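Presented below is the structure to which this report refers.
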There are 2 protein chains.
Amino acid sequence: MPSVPDPSMTDLLDTLRQTVGAAHVLTEGDLTAWEQDWRRRVRGKALAVVRPGSTAEVAAVVRACAATRTAIVPQGGNTGLAVGSTPDASGTQVVLSLTRLQAVRQIDSDNLTMTVEAGCILQNVQAAAREAGLLFPLSLAAEGSCTIGGNLGTNAGGTQVLRYGNARDLCLGLEVVTAQGEVWDGLKGLRKDNTGYDLRHLLIGSEGTLGIITAATLKLFPLPAARLTAWAAVPSMEQAVALLGLAHRYLGAGLTGFEVMGQFALELVGKHMPQLRVPFLGLADAPWCVLLENSDNESEAHARERFEALLEAALEAGCVADAVVAESIAQAQQLWHVRESIPLAQAEEGLNIKHDISVPISRIPAFVAHTDALLQREIPGVRLVNFGHLGDGNLHYNVQAPAEGDPKAFLRDHEAQVNHLVYEAVAAFGGSFSAEHGVGELKADKLALYQSPAALGMMRAVKQALDPLGILNPGRVLRG
Amino acid sequence: MPSVPDPSMTDLLDTLRQTVGAAHVLTEGDLTAWEQDWRRRVRGKALAVVRPGSTAEVAAVVRACAATRTAIVPQGGNTGLAVGSTPDASGTQVVLSLTRLQAVRQIDSDNLTMTVEAGCILQNVQAAAREAGLLFPLSLAAEGSCTIGGNLGTNAGGTQVLRYGNARDLCLGLEVVTAQGEVWDGLKGLRKDNTGYDLRHLLIGSEGTLGIITAATLKLFPLPAARLTAWAAVPSMEQAVALLGLAHRYLGAGLTGFEVMGQFALELVGKHMPQLRVPFLGLADAPWCVLLENSDNESEAHARERFEALLEAALEAGCVADAVVAESIAQAQQLWHVRESIPLAQAEEGLNIKHDISVPISRIPAFVAHTDALLQREIPGVRLVNFGHLGDGNLHYNVQAPAEGDPKAFLRDHEAQVNHLVYEAVAAFGGSFSAEHGVGELKADKLALYQSPAALGMMRAVKQALDPLGILNPGRVLRG
C-alpha cells in the first residue's frame with residue numbers, strides 16, 4: 001500500500017490535489033495501466049499519477065515538483081516500446097499523464113495545419129483531419145491508443161515515413177512546459193521561420209527529458225484520390241532494393257509504402273493465422289515479399305496504370321518474380337493485415353528477441369546476409385524473422401528461439417549475446433540500434449555504448465542546461 | 001595595416017600558420033571579400049582569414065582559438081542577407097572560411113543520399129546529384145556562390161520549399177566541429193534514427209554559434225520526368241490562396257513552386273527590363289500574378305494535362321482571371337526569370353526597405369490588406385513591392401520610397417518606423433520576422449524583442465552549454 005515516504009511528499013500531494021483536483025491525483029487502487037510498460041517487461045511504482053486538465057495545470061504541477069525536486073515521468077498512451085513512460089520502482093516519481101489534454105484546438109485548411117493537444121489519440125487526430133477533407137499521415141500499429149504527444153516525444157515512425165517523414169517532419173510548432181514550469185508557446189503554423197535555435201526539433205524525440213509537450217501544430221496534406229496496394233515476390237534482398245529504386249522512379253511521391261517481409265515471417269502468419277491468405281507463400285526462389293502502396297492524387301485508374309507500368313518494368317528487370325495488385329480496398333486491407341500480423345504470429349510461435357534497427361538502404365542486403373550467417377553460426381537452429389520498412393532502411397530484425405528446445409532457456413542464455421551480435425553488426429554497417437522506438441530506459445546503455453563521445457557530450461550539456469535539477473524523466477535516454 | 005594587437009595574438013597566428021599552412025592564413029592585402037557582407041551594409045576587420053583544408057584542420061583551428069579565447073566567425077560563400085558571416089570591426093576575430101572543404105565524398109544512389117563537405121558550392125552539389133541521375137532540390141538565387149555549409153548553417157529556403165522543405169529537411173546527418181574543437185561524426189545516411197537528442201537540427205540554422213558544420217549527408221530524389229511552369233493572373237490575394245488549395249489538390253506533390261507577385265513589382269520589371277515579356281502586365285482586375293511549377297514523375301504530356309485540368313477548374317471557380325502554360329523550357333525559364341528579376345528591378349527603381357517575413361497562409365490576405373493600408377496611411381506615397389513564396393506563407397514584403405522626393409531622406413527618416421510597423425503587424429498575425437534569411441547580427445535585436453522569453457531562456461541555456469567560452473560567432477542570433 002502506498003505509504004507516503006516523508007512529510008514533504010505529503011505536502012506535495014496536497015499541492016497537486018489543489019492544482020488539478022483530488023480526483024485527478026491517483027495514489028491508490030490499481031495503477032497498473034500507468035505503472036507497467038506496454039510490453040509488460042517492467043512494473044514500477046508511482047508516488048502518484050497526476051492528470052492535469054490544461055497546459056496551465058501542467059506548468060503548475062511541474063513547478064510543484066521542481067520545488068521538491070520530485071522526478072516527473074510524462075506519459076501519453078503508455079504504448080512505447082522502450083520503457084520510457086513508466087515510473088521506476090522507488091515510489092517517489094510522479095507520473096504526469098497528459099491524456100486529459102485532448103482538444104483539437106484548430107484546423108486551418110488554407111494553411112494545411114491543425115493544432116491539437118498532447119493527449120489526443122493518434123486515431124482521433126487522423127479522423128479530425130479526414131473530416132476536414134485532409135490527411136494527417138502518421139500511422140502506426142498503436143494508433144488506437146497512443147497519443148500525439150507521445151508520438152512527438154518519441155519521434156514515432158510507422159508505415160508512411162517513406163513519403164511523409166517521421167513524426168518530427170509532420171510538426172511545425174510546439175507548446176511546451178519547461179523543467180522550470182514555464183510555458184513556451186511555439187505553436188506558429190509557419191513553414192519557414194528562422195528565428196533562433198530550433199527548439200521544436202530539440203524537444204521532439206527527447207522522450208520527456210527536456211520539457212513536456214502539451215500541444216502541437218501539425219502539417220496536413222491533401223487526401224489522395226486513390227490508394228492502391230501491391231504484393232510482389234522478389235528473388236533476393238538485392239532485388240528488393242532494386243525494386244525500391246524503380247518504384248521511386250515510377251511513382252515519385254506516390255510511393256507511400258514499401259514493406260519487406262521474409263518468407264519465414266510469412267510462414268508464421270500462414271501457420272498461426274490460417275484464415276489469412278498470404279500471397280506467394282513458399283514460392284520457390286523468392287525468399288522475400290514486398291508490399292507496395294501507391295497513393296495517387298489523380299484517380300484510381302491512374303494509380304493502377306502507374307502500378308502496372310512499374311511492375312511490368314520490374315518483371316522485365318528481374319527484380320520481381322511475381323506480383324499482384326489488390327483489386328479492391330478490402331483486398332488492400334487484407335494485404336496490410338498480413339504484414340501487420342507478423343508480430344502477433346511471432347508471439348504465437350513463442351519467445352523471441354526484437355530489434356528495431358536501421359542501416360543505409362544500400363547496405364541492407366549485405367547487413368542481412370552477414371548477420372543471418374553470423375547468428376546461425378553462433379547459435380545453431382536460431383530462426384530469423386525479418387521484416388520492416390525497407391523504404392526507410394528500417395528492419396525489425398527479430399530472432400526467434402530454435403524450434404527445438406526450451407525457449408525460456410534460449411532467452412536466458414542467449415538474449416545478451418544476440419543483442420550484442422546484432423548491435424555490433426548494425427554499428428559496423430553504419431546503422432542505428434534504435435530506428436523508430438527510441439531509447440527510453442531499455443536502450444540507455446546502448447546509447448552510451450554506440451553514440452559518439454562528442455555527441456554524448458553535447459547531449460549531456462543540453463540536458464544539464466534545460467533541466468538542471470534533473471527532474472524530467474531521469475535515467476531515460478541519458479543515464480544519470 | 002594589420003598591427004597585431006598583442007603577443008598572444010602573434011602566437012595564435014603562428015599556431016594557425018603551422019596548422020593550415022602560411023598561405024591559408026590571410027592577414028594582409030584586400031580582404032573585402034571576407035570582411036564585407038553580401039549586401040555591403042557592414043564592413044568588418046578580421047584578425048586573420050583562416051582557410052583550413054580538412055575537418056581535422058578545422059578542429060585544430062578551433063582548439064587554438066579556444067585556448068586564446070579568440071572569437072571565430074565561420075564563413076561559407078558569404079552570401080547571407082543578415083550579416084552573420086563577417087567579422088566585427090575589432091580586428092580580433094578570426095574568419096574561418098570553409099571554402100577549401102569542397103569534396104563530394106560519396107553519392108549512394110540506392111540510399112538516395114550524398115555526402116558533401118561544407119564548402120561545396122550549392123550549384124556544384126546540384127550538378128553532382130544530376131550527374132548521378134538524381135535531384136538535390138535546394139535552389140535559391142545565390143546558388144552559384146553560396147555553400148552547402150552556409151545553407152545548412154542558416155537553414156536556407158528558396159523556391160522548392162513547398163515540396164521539398166527547407167535546407168534542414170534535406171539533411172540526414174552532419175559532421176561538426178564543436179566549440180571545444182572535437183569532431184562529431186554524425187554522417188549516417190539514415191532516414192530513421194532515434195538515438196538521443198537531435199543535434200543535427202539544433203546545429204542547422206544556428207548560424208555557426210553552436211558548432212561548425214564541416215560536412216553533411218543530404219537527401220536526394222528521383223529527377224522529375226518533366227517540369228512545367230504556368231503563369232496566372234488572379235483577382236485578389238484571397239483568390240491566390242484559393243488557387244493554392246486547388247493546386248495542392250490537383251497536383252499533389254507535383255506542385256513544386258507557387259510564387260506570388262504584385263502588379264507593382266511586375267511593373268518595375270517591365271519598366272527596368274523592357275526586354276522581358278511580363279504576362280498579364282497591368283491586366284484590369286488582376287492585382288496579383290502567380291507562377292506555378294508542376295514537376296511530374298511521369299511525362300510532359302501528363303504534366304500538361306494535369307496543369308490544364310487545374311487551370312480549367314480555377315477559371316471556373318473564379319480564382320484565376322487568365323492563365324498561360326509555358327510551351328517550352330525556354331518559355332518556362334523566361335517566366336522564372338521575370339520572377340527572379342524583381343529584386344534587381346527594385347534596386348534599379350531606387351532605395352527600398354526589405355522584409356523577409358512569414359505568416360500562416362490563411363492570414364496572408366488580411367495581413368497584406370492591413371499592412372499596406374497602414375503604411376500608406378502613415379507614410380503617404382510609399383510604394384509596396386510584394387512578392388514571394390506564397391506556397392510557404394513567405395513574403396518578401398518590401399517598401400519602396402515614394403516616387404517623388406529624396407529616397408535617401410526617406411530611408412533615413414522612415415526605415416526604423418517602417419520596420420517597426422511591419423514587424424508589429426507580422427507579430428499580430430502570428431508570423432515570423434525572419435522566414436528564410438536568419439537572424440545574424442542584423443536581426444538579433446528583433447529576436448530579443450519578438451521571441452518568447454521562455455524560448456529565449458532555453459536558447460541562451462543551450463548556447464552557454466555548448467559554447468561556454470562564447471567564441472563561436474559571438475553576438476549573432478543571441479546578443480551577448
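The way I read the labels, and the way they are meant: chains A, B, ... in the order of the C-alpha cells, residue 1 as the first residue of every chain, and ligand 1 as the first ligand shown, with later ones counted on from there.
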
**OP:** Determine, counting only C-alpha atoms, which protein, DNA and RNA residues have an atom within 9 Å of an atom of segment 422-439 of chain B; residues of the same chain fewer than 5 positions away are not included. Present the result as an MDAnalysis selection string.
**Re:** (chainID A and resid 188:196) or (chainID B and resid 80:84 154:158 166 205:207 355:360 363:364 366:367 370:371 375 393:395 397 417 444:447 450 476:478)

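If you count only C-alpha atoms and ignore residues fewer than 5 places along the chain from segment 323-333 of chain A, what sits within 9 Å of it is Arg227, Leu228, Thr229, Ala230, Trp231, Ala232, Ala233, Val234, Pro279, Phe280, Arg304, Phe307, Glu308, Leu311, Leu315 and Val338 of chain A.
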
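Nearest to chain A of all the residues B:Thr256, B:Thr178, B:Gln18, B:Thr217 is B:Thr178, based on only C-alpha atoms.
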
Subject >> Nearest to chain A by atom-to-atom distance, counting only C-alpha atoms, from B:Ala23, B:Cys289, B:Val399, B:Met458 >> reply: B:Met458

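Nearest-residue note for Ser362 of chain A: choosing from B:Ser8, B:Leu220, B:Thr113, B:Val42, the minimum distance belongs to B:Thr113, counting only C-alpha atoms.
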
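Looking only at segment 15-85 of chain A, the set that DSSP places in alpha helix (DSSP H) from backbone geometry is Thr15, Leu16, Arg17, Gln18, Thr19, Val20, Thr32, Ala33, Trp34, Glu35, Thr55, Ala56, Glu57, Val58, Ala59, Ala60, Val61, Val62, Arg63, Ala64, Cys65, Ala66 and Ala67 of chain A.
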
Residues as selected, N, CA and C atoms, written as a short mmCIF file (atom, residue, chain, number, x, y, z; two decimals), in the first residue's frame, can you do that?
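For reference, selection03.cif as written:
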data_model
loop_
_atom_site.label_atom_id
_atom_site.label_comp_id
_atom_site.auth_asym_id
_atom_site.auth_seq_id
_atom_site.Cartn_x
_atom_site.Cartn_y
_atom_site.Cartn_z
N THR A 15 -0.50 19.85 -2.54
CA THR A 15 -0.39 20.89 -3.57
C THR A 15 -0.93 20.40 -4.91
N LEU A 16 -0.56 19.17 -5.27
CA LEU A 16 -1.01 18.62 -6.55
C LEU A 16 -2.53 18.48 -6.56
N ARG A 17 -3.12 18.05 -5.44
CA ARG A 17 -4.58 17.92 -5.37
C ARG A 17 -5.25 19.28 -5.53
N GLN A 18 -4.65 20.30 -4.89
CA GLN A 18 -5.21 21.64 -5.05
C GLN A 18 -5.08 22.12 -6.51
N THR A 19 -4.00 21.70 -7.16
CA THR A 19 -3.72 22.19 -8.51
C THR A 19 -4.65 21.57 -9.55
N VAL A 20 -4.82 20.26 -9.50
CA VAL A 20 -5.56 19.58 -10.58
C VAL A 20 -6.87 18.97 -10.08
N THR A 32 -1.89 -0.16 -12.51
CA THR A 32 -1.11 -0.92 -13.49
C THR A 32 -1.00 -0.21 -14.84
N ALA A 33 -2.12 0.34 -15.28
CA ALA A 33 -2.15 0.95 -16.62
C ALA A 33 -1.10 2.05 -16.76
N TRP A 34 -0.76 2.70 -15.65
CA TRP A 34 0.23 3.79 -15.69
C TRP A 34 1.63 3.33 -15.27
N GLU A 35 1.65 2.25 -14.48
CA GLU A 35 2.93 1.85 -13.85
C GLU A 35 3.66 0.75 -14.61
N THR A 55 -2.83 23.17 -19.97
CA THR A 55 -1.40 23.48 -20.00
C THR A 55 -0.98 24.21 -18.73
N ALA A 56 -1.84 25.14 -18.28
CA ALA A 56 -1.51 25.87 -17.05
C ALA A 56 -1.37 24.92 -15.87
N GLU A 57 -2.23 23.91 -15.82
CA GLU A 57 -2.12 22.93 -14.74
C GLU A 57 -0.85 22.09 -14.86
N VAL A 58 -0.48 21.74 -16.09
CA VAL A 58 0.78 21.01 -16.29
C VAL A 58 1.93 21.85 -15.72
N ALA A 59 1.94 23.14 -16.07
CA ALA A 59 3.01 24.01 -15.60
C ALA A 59 3.04 24.09 -14.07
N ALA A 60 1.85 24.17 -13.47
CA ALA A 60 1.79 24.25 -12.00
C ALA A 60 2.29 22.95 -11.37
N VAL A 61 1.95 21.82 -11.97
CA VAL A 61 2.43 20.53 -11.47
C VAL A 61 3.97 20.49 -11.53
N VAL A 62 4.52 20.94 -12.65
CA VAL A 62 5.98 20.91 -12.79
C VAL A 62 6.62 21.83 -11.74
N ARG A 63 6.05 23.00 -11.53
CA ARG A 63 6.63 23.91 -10.53
C ARG A 63 6.59 23.28 -9.14
N ALA A 64 5.48 22.62 -8.83
CA ALA A 64 5.38 21.98 -7.51
C ALA A 64 6.42 20.86 -7.38
N CYS A 65 6.59 20.09 -8.43
CA CYS A 65 7.58 19.00 -8.38
C CYS A 65 9.00 19.56 -8.33
N ALA A 66 9.24 20.65 -9.09
CA ALA A 66 10.58 21.25 -9.08
C ALA A 66 10.93 21.75 -7.68
N ALA A 67 9.93 22.32 -7.01
CA ALA A 67 10.18 22.87 -5.67
C ALA A 67 10.61 21.79 -4.70
#

So that I can check the surroundings of His389 of chain B, please list as a PDB file with N, CA and C atoms, in the first residue's frame every protein, DNA and RNA residue that reaches within 9 Å of it, counting only C-alpha atoms and ignoring chain neighbours fewer than 6 positions away.
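Output below, filename around_21.pdb:
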ATOM      1  N   GLY B 158      14.344  29.168 -50.254  1.00  0.00           N
ATOM      2  CA  GLY B 158      14.381  29.177 -51.713  1.00  0.00           C
ATOM      3  C   GLY B 158      13.064  28.796 -52.340  1.00  0.00           C
ATOM      4  N   THR B 159      13.162  28.337 -53.591  1.00  0.00           N
ATOM      5  CA  THR B 159      11.943  28.214 -54.399  1.00  0.00           C
ATOM      6  C   THR B 159      11.303  26.830 -54.382  1.00  0.00           C
ATOM      7  N   VAL B 161      10.774  24.908 -51.525  1.00  0.00           N
ATOM      8  CA  VAL B 161      10.441  24.528 -50.153  1.00  0.00           C
ATOM      9  C   VAL B 161       9.060  23.886 -50.063  1.00  0.00           C
ATOM     10  N   LEU B 162       8.141  24.394 -50.863  1.00  0.00           N
ATOM     11  CA  LEU B 162       6.761  23.914 -50.887  1.00  0.00           C
ATOM     12  C   LEU B 162       6.711  22.395 -50.971  1.00  0.00           C
ATOM     13  N   GLY B 257       6.325  24.724 -57.069  1.00  0.00           N
ATOM     14  CA  GLY B 257       6.528  26.161 -56.957  1.00  0.00           C
ATOM     15  C   GLY B 257       5.197  26.891 -56.983  1.00  0.00           C
ATOM     16  N   PHE B 258       5.075  27.901 -56.130  1.00  0.00           N
ATOM     17  CA  PHE B 258       3.865  28.722 -56.111  1.00  0.00           C
ATOM     18  C   PHE B 258       4.289  30.105 -55.621  1.00  0.00           C
ATOM     19  N   GLU B 259       4.632  30.973 -56.583  1.00  0.00           N
ATOM     20  CA  GLU B 259       5.184  32.296 -56.269  1.00  0.00           C
ATOM     21  C   GLU B 259       4.141  33.356 -56.584  1.00  0.00           C
ATOM     22  N   VAL B 260       3.963  34.294 -55.707  1.00  0.00           N
ATOM     23  CA  VAL B 260       3.009  35.374 -55.946  1.00  0.00           C
ATOM     24  C   VAL B 260       3.775  36.677 -56.205  1.00  0.00           C
ATOM     25  N   LEU B 395       6.565  35.984 -47.601  1.00  0.00           N
ATOM     26  CA  LEU B 395       6.551  37.140 -48.489  1.00  0.00           C
ATOM     27  C   LEU B 395       7.822  37.956 -48.331  1.00  0.00           C
ATOM     28  N   HIS B 396       8.348  38.431 -49.468  1.00  0.00           N
ATOM     29  CA  HIS B 396       9.346  39.479 -49.403  1.00  0.00           C
ATOM     30  C   HIS B 396       8.566  40.788 -49.499  1.00  0.00           C
TER      31      HIS B 396
END

**OP:** Write out as a VMD selection string which residues come within 12 Å of Val418 of chain A when counting only C-alpha atoms, dropping same-chain ones fewer than 2 positions away.
**Re:** chain A and resid 352 to 355 371 to 372 374 to 379 382 to 384 397 to 401 410 to 416 420 to 425

Just-selected residues, C-alpha atoms written as a short mmCIF file (atom, residue, chain, number, x, y, z; two decimals), in the first residue's frame:
data_model
loop_
_atom_site.label_atom_id
_atom_site.label_comp_id
_atom_site.auth_asym_id
_atom_site.auth_seq_id
_atom_site.Cartn_x
_atom_site.Cartn_y
_atom_site.Cartn_z
CA ASN A 352 11.82 -14.04 -29.45
CA ILE A 353 14.28 -11.18 -29.29
CA LYS A 354 13.29 -7.98 -31.09
CA HIS A 355 15.43 -5.31 -32.70
CA THR A 371 24.10 -11.02 -39.64
CA ASP A 372 21.91 -14.01 -40.56
CA LEU A 374 26.70 -14.90 -38.03
CA LEU A 375 23.75 -15.71 -35.79
CA GLN A 376 23.15 -19.09 -37.37
CA ARG A 377 26.81 -19.95 -36.90
CA GLU A 378 26.94 -18.76 -33.29
CA ILE A 379 23.58 -20.14 -32.19
CA VAL A 382 18.10 -19.87 -34.42
CA ARG A 383 15.28 -18.62 -36.71
CA LEU A 384 15.25 -15.14 -38.23
CA TYR A 397 15.29 -7.76 -37.23
CA ASN A 398 13.87 -10.32 -34.84
CA VAL A 399 15.38 -13.54 -33.61
CA GLN A 400 13.14 -16.47 -32.76
CA ALA A 401 14.20 -19.29 -30.48
CA PHE A 410 17.19 -19.76 -25.03
CA LEU A 411 16.26 -16.27 -23.93
CA ARG A 412 18.05 -16.61 -20.62
CA ASP A 413 21.22 -17.94 -22.20
CA HIS A 414 21.32 -16.02 -25.44
CA GLU A 415 19.47 -12.67 -25.24
CA ALA A 416 22.53 -10.62 -24.30
CA HIS A 420 25.49 -7.86 -28.81
CA LEU A 421 25.98 -9.60 -32.16
CA VAL A 422 23.14 -7.69 -33.83
CA TYR A 423 24.08 -4.25 -32.48
CA GLU A 424 27.77 -4.73 -33.30
CA ALA A 425 26.78 -5.65 -36.84
#

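Residue nearest chain A within the list B:Val25, B:Leu101, B:Ala129, B:Ala167: B:Ala167 [criterion: smallest interatomic distance, only C-alpha atoms].
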
Original post:
Can you tell me how far atom CA of Ile148 of chain B sits from atom CA of Lys219 of chain B, in Å to one decimal?
Top reply: 12.8 Å
